[in-house]
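Here is my_file_0.csv, consisting of CSV, C-alpha atoms:
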```csv
chain,number,residue,atom,x,y,z
A,1,MET,CA,182.3,-117.2,43.8
A,2,ALA,CA,184.0,-118.6,46.8
A,3,ILE,CA,187.0,-117.0,48.6
A,4,ASP,CA,190.3,-118.1,47.3
A,5,PRO,CA,192.7,-117.6,50.3
A,6,GLN,CA,195.9,-117.9,48.3
A,7,LYS,CA,194.7,-115.3,45.9
A,8,LEU,CA,193.7,-112.9,48.7
A,9,ARG,CA,197.0,-113.3,50.6
A,10,ALA,CA,198.9,-112.6,47.4
A,11,LEU,CA,196.8,-109.6,46.4
A,12,ALA,CA,198.7,-106.4,45.8
A,13,ILE,CA,196.4,-103.7,47.2
A,14,PRO,CA,197.1,-100.3,45.7
A,15,ASP,CA,198.4,-97.6,48.0
A,16,VAL,CA,195.8,-95.0,48.9
A,17,ALA,CA,196.9,-91.3,49.2
A,18,GLN,CA,194.7,-88.8,50.9
A,19,ARG,CA,194.9,-85.1,51.7
A,20,TYR,CA,192.9,-84.1,54.7
A,21,THR,CA,192.2,-80.7,56.3
A,22,GLU,CA,190.8,-79.4,59.6
A,23,ARG,CA,187.3,-79.8,58.2
A,24,ASP,CA,187.9,-83.6,57.9
A,25,ALA,CA,189.2,-83.9,61.5
A,26,ILE,CA,186.3,-81.9,62.8
A,27,LEU,CA,183.7,-84.0,60.9
A,28,TYR,CA,185.2,-87.2,62.3
A,29,ALA,CA,185.1,-85.8,65.9
A,30,LEU,CA,181.4,-84.8,65.4
A,31,GLY,CA,180.8,-88.3,64.0
A,32,VAL,CA,182.0,-90.0,67.3
A,33,GLY,CA,180.1,-87.6,69.5
A,34,LEU,CA,182.4,-84.7,70.4
A,35,GLY,CA,180.6,-81.4,70.8
A,36,HIS,CA,177.4,-82.7,72.5
A,37,ASP,CA,177.9,-80.0,75.1
A,38,PRO,CA,178.8,-76.8,73.2
A,39,LEU,CA,180.0,-75.2,76.4
A,40,ASP,CA,182.5,-78.0,77.2
A,41,GLY,CA,185.8,-76.3,76.2
A,42,ARG,CA,187.7,-79.6,76.3
A,43,GLN,CA,185.5,-81.1,73.6
A,44,LEU,CA,185.4,-77.8,71.7
A,45,ARG,CA,189.2,-78.1,71.0
A,46,PHE,CA,188.4,-81.1,68.7
A,47,VAL,CA,185.4,-79.5,66.8
A,48,TYR,CA,186.5,-75.9,66.4
A,49,GLU,CA,189.3,-74.9,64.1
A,50,LYS,CA,190.8,-72.4,66.6
A,51,ASP,CA,193.9,-74.2,68.1
A,52,LEU,CA,192.4,-77.5,66.8
A,53,GLN,CA,193.4,-80.8,68.4
A,54,VAL,CA,193.0,-84.1,66.5
A,55,LEU,CA,191.5,-87.3,68.0
A,56,PRO,CA,194.0,-90.2,67.9
A,57,THR,CA,191.3,-92.5,66.5
A,58,PHE,CA,190.9,-90.3,63.4
A,59,ALA,CA,193.7,-92.4,62.0
A,60,VAL,CA,191.3,-95.2,61.3
A,61,ALA,CA,189.4,-93.1,58.8
A,62,LEU,CA,192.5,-92.0,56.8
A,63,ALA,CA,193.8,-93.5,53.5
A,64,ALA,CA,191.7,-96.7,53.8
A,65,SER,CA,191.3,-99.1,50.8
A,66,PRO,CA,187.6,-100.1,50.7
A,67,PHE,CA,187.6,-101.6,47.2
A,68,LEU,CA,188.6,-105.1,48.4
A,69,LEU,CA,185.3,-106.1,50.0
A,70,ARG,CA,183.2,-104.9,47.1
A,71,ASP,CA,185.3,-106.5,44.4
A,72,PRO,CA,183.4,-109.6,43.0
A,73,ALA,CA,186.7,-111.3,42.3
A,74,ALA,CA,187.4,-111.4,46.0
A,75,GLY,CA,184.5,-113.8,46.5
A,76,ILE,CA,183.2,-112.0,49.5
A,77,ASP,CA,179.5,-111.6,50.3
A,78,PHE,CA,179.7,-107.9,51.0
A,79,GLN,CA,176.2,-107.6,52.5
A,80,LYS,CA,177.1,-110.0,55.2
A,81,VAL,CA,180.5,-108.4,56.2
A,82,VAL,CA,180.9,-107.0,59.7
A,83,HIS,CA,183.9,-105.6,61.5
A,84,GLY,CA,185.4,-108.1,63.9
A,85,GLU,CA,188.4,-106.4,65.6
A,86,GLN,CA,190.3,-103.1,65.3
A,87,GLY,CA,193.7,-102.1,66.5
A,88,LEU,CA,195.6,-98.8,66.3
A,89,VAL,CA,199.2,-98.0,67.4
A,90,LEU,CA,200.2,-94.3,67.0
A,91,HIS,CA,203.8,-93.5,66.3
A,92,ARG,CA,203.3,-89.8,66.4
A,93,PRO,CA,200.3,-87.4,66.9
A,94,LEU,CA,198.1,-86.6,63.9
A,95,ALA,CA,198.4,-83.0,62.6
A,96,PRO,CA,195.2,-81.0,61.9
A,97,ARG,CA,195.9,-81.3,58.2
A,98,GLY,CA,198.1,-83.5,56.1
A,99,HIS,CA,199.0,-85.6,53.1
A,100,VAL,CA,199.1,-89.3,54.0
A,101,VAL,CA,199.4,-92.6,52.3
A,102,GLY,CA,197.9,-95.9,53.4
A,103,ARG,CA,199.7,-99.2,52.5
A,104,GLN,CA,197.4,-102.2,53.2
A,105,ARG,CA,198.1,-105.9,53.0
A,106,ILE,CA,196.1,-109.0,53.8
A,107,VAL,CA,197.9,-110.9,56.6
A,108,ASP,CA,195.8,-114.0,56.8
A,109,VAL,CA,192.5,-115.6,55.9
A,110,VAL,CA,190.9,-118.2,58.2
A,111,ASP,CA,188.0,-120.5,57.3
A,112,LYS,CA,185.8,-121.1,60.3
A,113,GLY,CA,183.7,-123.7,58.4
A,114,ALA,CA,180.6,-123.9,56.3
A,115,GLY,CA,177.9,-121.8,57.8
A,116,LYS,CA,180.3,-120.2,60.3
A,117,GLY,CA,182.0,-117.6,58.2
A,118,ALA,CA,185.6,-116.6,57.6
A,119,LEU,CA,188.1,-114.2,59.1
A,120,LEU,CA,190.1,-111.7,57.1
A,121,TYR,CA,193.1,-110.2,58.9
A,122,THR,CA,194.6,-107.0,57.4
A,123,GLU,CA,197.3,-104.5,58.3
A,124,ARG,CA,197.5,-100.8,57.1
A,125,VAL,CA,200.5,-98.6,57.7
A,126,LEU,CA,199.7,-94.9,57.6
A,127,ALA,CA,202.6,-92.7,56.6
A,128,ASP,CA,203.3,-89.1,55.8
A,129,ALA,CA,203.2,-89.0,52.0
A,130,ASP,CA,206.0,-86.3,51.8
A,131,SER,CA,208.5,-87.5,54.4
A,132,GLY,CA,207.7,-91.2,54.5
A,133,GLU,CA,207.5,-91.1,58.3
A,134,THR,CA,205.2,-93.7,59.8
A,135,ILE,CA,202.2,-92.2,61.6
A,136,ALA,CA,200.2,-95.2,62.7
A,137,THR,CA,199.9,-98.9,62.2
A,138,LEU,CA,196.3,-100.3,62.0
A,139,THR,CA,195.2,-103.9,62.3
A,140,GLN,CA,191.8,-105.1,61.4
A,141,THR,CA,189.8,-108.3,61.4
A,142,ILE,CA,186.8,-108.6,59.1
A,143,PHE,CA,184.2,-111.2,59.8
A,144,CYS,CA,182.8,-112.5,56.5
A,145,ARG,CA,179.6,-114.1,57.8
A,146,GLY,CA,178.6,-115.6,54.5
A,147,ASP,CA,181.9,-117.0,53.3
A,148,GLY,CA,182.9,-120.0,55.4
A,149,GLY,CA,183.5,-123.4,53.9
A,150,PHE,CA,186.0,-122.5,51.2
A,151,GLY,CA,188.6,-125.1,52.5
A,152,GLY,CA,191.7,-125.2,54.6
A,153,GLU,CA,192.6,-126.8,57.8
A,154,PRO,CA,190.9,-125.4,61.0
A,155,ARG,CA,193.3,-123.1,62.9
A,156,ALA,CA,193.1,-121.5,66.3
A,157,THR,CA,192.6,-117.7,66.3
A,158,PRO,CA,194.5,-115.4,68.6
A,159,ALA,CA,193.2,-115.3,72.2
A,160,PRO,CA,191.4,-112.1,73.1
A,161,HIS,CA,192.8,-109.7,75.6
A,162,PRO,CA,191.6,-110.8,79.1
A,163,LEU,CA,189.7,-108.4,81.3
A,164,PRO,CA,190.1,-108.2,85.1
A,165,ASP,CA,187.6,-110.2,87.1
A,166,ARG,CA,186.5,-107.3,89.2
A,167,ALA,CA,184.4,-104.2,89.0
A,168,PRO,CA,185.9,-101.5,86.7
A,169,ASP,CA,187.9,-98.7,88.2
A,170,LEU,CA,186.1,-96.1,86.1
A,171,VAL,CA,183.1,-95.8,83.9
A,172,CYS,CA,182.3,-93.2,81.2
A,173,ASP,CA,178.8,-92.8,79.7
A,174,LEU,CA,178.6,-91.1,76.3
A,175,ALA,CA,175.4,-90.8,74.3
A,176,THR,CA,175.2,-91.2,70.6
A,177,ARG,CA,172.6,-89.3,68.5
A,178,PRO,CA,170.0,-90.9,66.2
A,179,GLU,CA,171.9,-89.4,63.2
A,180,THR,CA,175.4,-90.5,64.4
A,181,ALA,CA,175.9,-93.1,61.7
A,182,LEU,CA,174.8,-90.7,59.0
A,183,ILE,CA,177.4,-88.2,60.2
A,184,TYR,CA,180.2,-90.8,60.7
A,185,ARG,CA,179.8,-92.3,57.2
A,186,LEU,CA,180.9,-88.9,55.8
A,187,SER,CA,184.4,-89.7,57.1
A,188,GLY,CA,184.6,-92.4,54.4
A,189,ASP,CA,182.8,-95.6,55.3
A,190,LEU,CA,179.8,-95.5,53.0
A,191,ASN,CA,178.6,-99.0,53.6
A,192,PRO,CA,174.8,-98.8,53.2
A,193,LEU,CA,174.4,-101.1,56.2
A,194,HIS,CA,174.7,-97.9,58.3
A,195,ALA,CA,172.2,-95.8,56.3
A,196,ASP,CA,169.8,-97.9,54.2
A,197,PRO,CA,167.0,-99.6,56.2
A,198,ALA,CA,166.3,-102.1,53.4
A,199,PHE,CA,170.0,-103.1,53.1
A,200,ALA,CA,170.2,-103.5,56.9
A,201,ARG,CA,167.2,-105.8,56.9
A,202,GLY,CA,168.7,-107.8,54.1
A,203,ALA,CA,171.8,-108.2,56.3
A,204,GLY,CA,169.7,-109.4,59.2
A,205,PHE,CA,169.4,-106.2,61.3
A,206,GLU,CA,166.1,-104.6,62.2
A,207,ARG,CA,167.5,-101.1,61.2
A,208,PRO,CA,170.8,-99.5,60.2
A,209,ILE,CA,173.5,-100.0,62.8
A,210,LEU,CA,176.3,-97.8,64.0
A,211,HIS,CA,179.7,-98.3,62.4
A,212,GLY,CA,182.0,-100.5,64.5
A,213,LEU,CA,184.7,-97.8,64.1
A,214,ALA,CA,182.3,-95.2,65.5
A,215,THR,CA,181.9,-97.3,68.6
A,216,PHE,CA,185.7,-97.6,68.6
A,217,GLY,CA,186.0,-93.8,68.5
A,218,VAL,CA,183.5,-93.4,71.3
A,219,CYS,CA,185.7,-95.7,73.4
A,220,GLY,CA,188.7,-93.7,72.4
A,221,HIS,CA,186.9,-90.5,73.5
A,222,ALA,CA,186.0,-92.1,76.9
A,223,ILE,CA,189.7,-93.1,77.6
A,224,LEU,CA,190.9,-89.7,76.4
A,225,ARG,CA,188.3,-88.0,78.8
A,226,THR,CA,188.8,-90.2,81.9
A,227,LEU,CA,192.6,-91.0,81.7
A,228,CYS,CA,194.3,-88.5,79.4
A,229,GLY,CA,192.7,-85.1,80.4
A,230,TYR,CA,191.8,-84.7,76.7
A,231,GLU,CA,195.5,-84.6,75.7
A,232,PRO,CA,195.6,-86.7,72.5
A,233,MET,CA,199.3,-87.4,72.6
A,234,ARG,CA,198.8,-89.4,75.8
A,235,LEU,CA,196.8,-92.1,74.0
A,236,ARG,CA,199.4,-94.3,72.2
A,237,ALA,CA,197.5,-97.4,71.3
A,238,ILE,CA,193.9,-98.8,71.4
A,239,ALA,CA,192.3,-102.1,70.3
A,240,GLY,CA,189.2,-104.1,70.8
A,241,ARG,CA,186.9,-106.8,69.6
A,242,PHE,CA,183.3,-106.0,68.3
A,243,SER,CA,180.8,-108.2,69.9
A,244,ALA,CA,177.3,-106.7,69.2
A,245,PRO,CA,175.9,-103.9,67.1
A,246,VAL,CA,175.0,-100.5,68.5
A,247,PHE,CA,172.0,-98.6,67.1
A,248,PRO,CA,172.4,-94.9,66.6
A,249,GLY,CA,170.9,-93.0,69.5
A,250,GLU,CA,172.0,-95.5,72.2
A,251,THR,CA,174.3,-94.6,75.2
A,252,ILE,CA,177.6,-96.4,75.4
A,253,ARG,CA,179.2,-97.0,78.8
A,254,THR,CA,182.9,-97.6,78.6
A,255,GLU,CA,184.1,-99.6,81.6
A,256,ILE,CA,187.8,-99.1,82.3
A,257,TRP,CA,190.4,-101.0,84.4
A,258,ARG,CA,193.8,-99.4,85.0
A,259,ALA,CA,197.2,-101.1,85.5
A,260,GLY,CA,199.9,-98.5,85.2
A,261,GLY,CA,200.0,-97.3,81.6
A,262,SER,CA,198.1,-100.3,80.4
A,263,VAL,CA,194.3,-100.0,80.2
A,264,SER,CA,191.6,-102.7,79.8
A,265,PHE,CA,188.1,-101.7,78.7
A,266,ARG,CA,184.8,-102.8,77.3
A,267,ALA,CA,181.8,-100.9,75.9
A,268,ARG,CA,178.3,-101.7,77.1
A,269,VAL,CA,175.0,-100.4,75.6
A,270,ILE,CA,173.2,-99.2,78.7
A,271,GLY,CA,169.6,-99.5,77.4
A,272,ARG,CA,169.9,-103.2,76.3
A,273,ASP,CA,172.7,-104.2,78.8
A,274,ILE,CA,174.8,-105.8,76.1
A,275,VAL,CA,178.5,-105.6,75.5
A,276,ALA,CA,179.2,-104.0,72.1
A,277,LEU,CA,183.0,-103.9,72.2
A,278,ASN,CA,184.9,-106.4,74.3
A,279,HIS,CA,188.4,-107.3,75.4
A,280,GLY,CA,189.6,-103.8,74.8
A,281,ARG,CA,193.1,-102.7,75.6
A,282,ALA,CA,194.9,-99.3,75.4
A,283,GLU,CA,198.3,-97.7,76.3
A,284,VAL,CA,198.4,-94.3,77.8
A,285,VAL,CA,201.2,-92.1,79.1
```
Output the file's structure in the form of structure tokens.
Amino acid sequence: MAIDPQKLRALAIPDVAQRYTERDAILYALGVGLGHDPLDGRQLRFVYEKDLQVLPTFAVALAASPFLLRDPAAGIDFQKVVHGEQGLVLHRPLAPRGHVVGRQRIVDVVDKGAGKGALLYTERVLADADSGETIATLTQTIFCRGDGGFGGEPRATPAPHPLPDRAPDLVCDLATRPETALIYRLSGDLNPLHADPAFARGAGFERPILHGLATFGVCGHAILRTLCGYEPMRLRAIAGRFSAPVFPGETIRTEIWRAGGSVSFRARVIGRDIVALNHGRAEVV
């Protein structure tokens, strides 16, 4: 069944409510690499319940609606789906525990052509379920590699955020562990691409890959570490485009350029010298 863009744009996606606790916030932090050094008190604040701080990027794991990609009626080849882009704007800091609701909609569907895939643009507003106050706005681009050619006039896609043409001002190397994807998936993204070797081979990868959002979280950690003094309220927004897979166990180098409160960045896998997340941008105070 092919993608029907009009049907997808009109789809009413049910709201998703979620209660989370300190345990969930800690599990997410462990899944993006916090706590590698058990004597680092700055990281310990995110993985130990005493005076717990919450990573800003934890918002990406809350109240998501995963049913869409797996629904046969959507016409999407789920095995060939990969994450294209992710954006996050924080309107207030996340509490260590809470009751939240995610309201998701499909913003646009773009056909890149037969054999070239399709792009699915979504937006999710994360709000406090009790007060209704908006906590975060999340934007996402899904690259449906097996679903191009369904029709529609070719259209230009938004230009990526440009990076400065000079050496980065700062770099931050953060290692991932071989079991990183197995930990991260416990925060809600159970796509077998990140755990099942046979499924990963069927999708064209030699072995399970790290979640794009885990790489995104590592970049958020790097910016929090280098520019924000591990103070989560100082990171107000972060976005980037995924450009290559990371395998669990690899070290990610985040290259950072500063221009006042605006930050440009990219993530490079040191061992293979490839850029895994490109055209990154963030806002810090």
Taking 2 positions as the minimum chain separation for residues in the same chain, which residues sit within 7 Å of A:Thr254 when counting all atoms listed in the file? Answer as an mmCIF file with C-alpha atoms, in the frame of the given file.
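Okay, selection03.cif is ready:
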```
data_model
loop_
_atom_site.group_PDB
_atom_site.id
_atom_site.type_symbol
_atom_site.label_atom_id
_atom_site.label_comp_id
_atom_site.auth_asym_id
_atom_site.auth_seq_id
_atom_site.Cartn_x
_atom_site.Cartn_y
_atom_site.Cartn_z
ATOM 1 C CA VAL A 171 183.100 -95.800 83.900
ATOM 2 C CA CYS A 172 182.300 -93.200 81.200
ATOM 3 C CA ASP A 173 178.800 -92.800 79.700
ATOM 4 C CA CYS A 219 185.700 -95.700 73.400
ATOM 5 C CA ALA A 222 186.000 -92.100 76.900
ATOM 6 C CA ILE A 252 177.600 -96.400 75.400
ATOM 7 C CA ILE A 256 187.800 -99.100 82.300
ATOM 8 C CA PHE A 265 188.100 -101.700 78.700
ATOM 9 C CA ARG A 266 184.800 -102.800 77.300
ATOM 10 C CA ALA A 267 181.800 -100.900 75.900
ATOM 11 C CA ARG A 268 178.300 -101.700 77.100
#
```
Original post:
Which of these residues is nearest to A:Gln43, using only C-alpha atoms: A:Leu163, A:Ile142, A:Leu224, A:Ile274?
Top reply: A:Leu224
Original post:
Which value, in Å to one decimal, gives the distance between atom CA of A:Glu123 and atom CA of A:Arg105?
Top reply: 5.5 Å
Original post:
Which neighbours of A:His279 fall inside 12 Å, counting all atoms listed in the file, when residues of the same chain fewer than 3 positions from it are skipped, and could you give them as a PyMOL selection string?
Top reply: chain A and resi 84-87+159-164+238-243+254-257+263-268+275-276+282
Subject >> Contacts of A:Gly249 at 6 Å (all atoms listed in the file; same-chain gap of 3+ positions) as number ranges by chain >> reply: A: 176-178
Mind writing the picked residues with C-alpha atoms as a CSV table (one decimal), in the coordinates of the input?
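Wrote selection.csv, looks like this:
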```csv
chain,number,residue,atom,x,y,z
A,176,THR,CA,175.2,-91.2,70.6
A,177,ARG,CA,172.6,-89.3,68.5
A,178,PRO,CA,170.0,-90.9,66.2
```
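Taking atom CA of A:Thr139 and atom CA of A:Ala237 as the two end points, the separation is 11.3 Å.
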Original post:
In Å to one decimal, how far is atom CA of A:Arg258 from atom CA of A:Leu62?
Top reply: 29.2 Å
**OP:** Determine, counting all atoms listed in the file, every residue of protein, DNA or RNA that lies within 7 Å of (184.4, -81.7, 68.8) in the file coordinates, then give the result as number ranges by chain.
**Re:** A: 26, 29-30, 34-35, 43-48
Output the selection as a short mmCIF file (atom, residue, chain, number, x, y, z; two decimals), in the frame of the given file - C-alpha atoms for each residue.
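Saved as result_36.cif:
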```
data_model
loop_
_atom_site.label_atom_id
_atom_site.label_comp_id
_atom_site.auth_asym_id
_atom_site.auth_seq_id
_atom_site.Cartn_x
_atom_site.Cartn_y
_atom_site.Cartn_z
CA ILE A 26 186.30 -81.90 62.80
CA ALA A 29 185.10 -85.80 65.90
CA LEU A 30 181.40 -84.80 65.40
CA LEU A 34 182.40 -84.70 70.40
CA GLY A 35 180.60 -81.40 70.80
CA GLN A 43 185.50 -81.10 73.60
CA LEU A 44 185.40 -77.80 71.70
CA ARG A 45 189.20 -78.10 71.00
CA PHE A 46 188.40 -81.10 68.70
CA VAL A 47 185.40 -79.50 66.80
CA TYR A 48 186.50 -75.90 66.40
#
```
Subject >> Contacts of A:Ala195 at 12 Å (all atoms listed in the file; same-chain gap of 5+ positions) as JSON, numbers by chain >> reply: {"A": [178, 179, 180, 181, 182, 183, 184, 185, 186, 189, 190, 200, 201, 205, 207, 208, 209, 210, 211, 247, 248]}
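Considering all atoms listed in the file, the residue among A:Pro245, A:Gly41, A:Gly113, A:Gly280 positioned nearest to A:Gly204 is A:Pro245.
Checking A:Ile135, A:Arg23, A:Ile13, A:His36 one by one against A:Ile106, counting all atoms listed in the file, you find the shortest gap at A:Ile13.
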Subject >> Spatial neighbours of A:Val100, 9 Å, all atoms listed in the file, chain gap at least 2 places, as a list in words >> reply: Val16, Ala17, Gln18, Arg19, Tyr20, Leu62, Ala63, Gly98, Gly102, Leu126, Ala127, Asp128, Ala129, Asp130, Gly132 and Ile135 of chain A
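Between A:Ala2 and the candidates A:Leu193, A:Gly261, A:Gly117, A:Gly31, the tightest atom-to-atom separation, counting all atoms listed in the file, involves A:Gly117.
Proximity ranking of A:Leu39, A:Ala244, A:Leu88, A:Val218 relative to A:Glu283 places A:Leu88 first, based on all atoms listed in the file.
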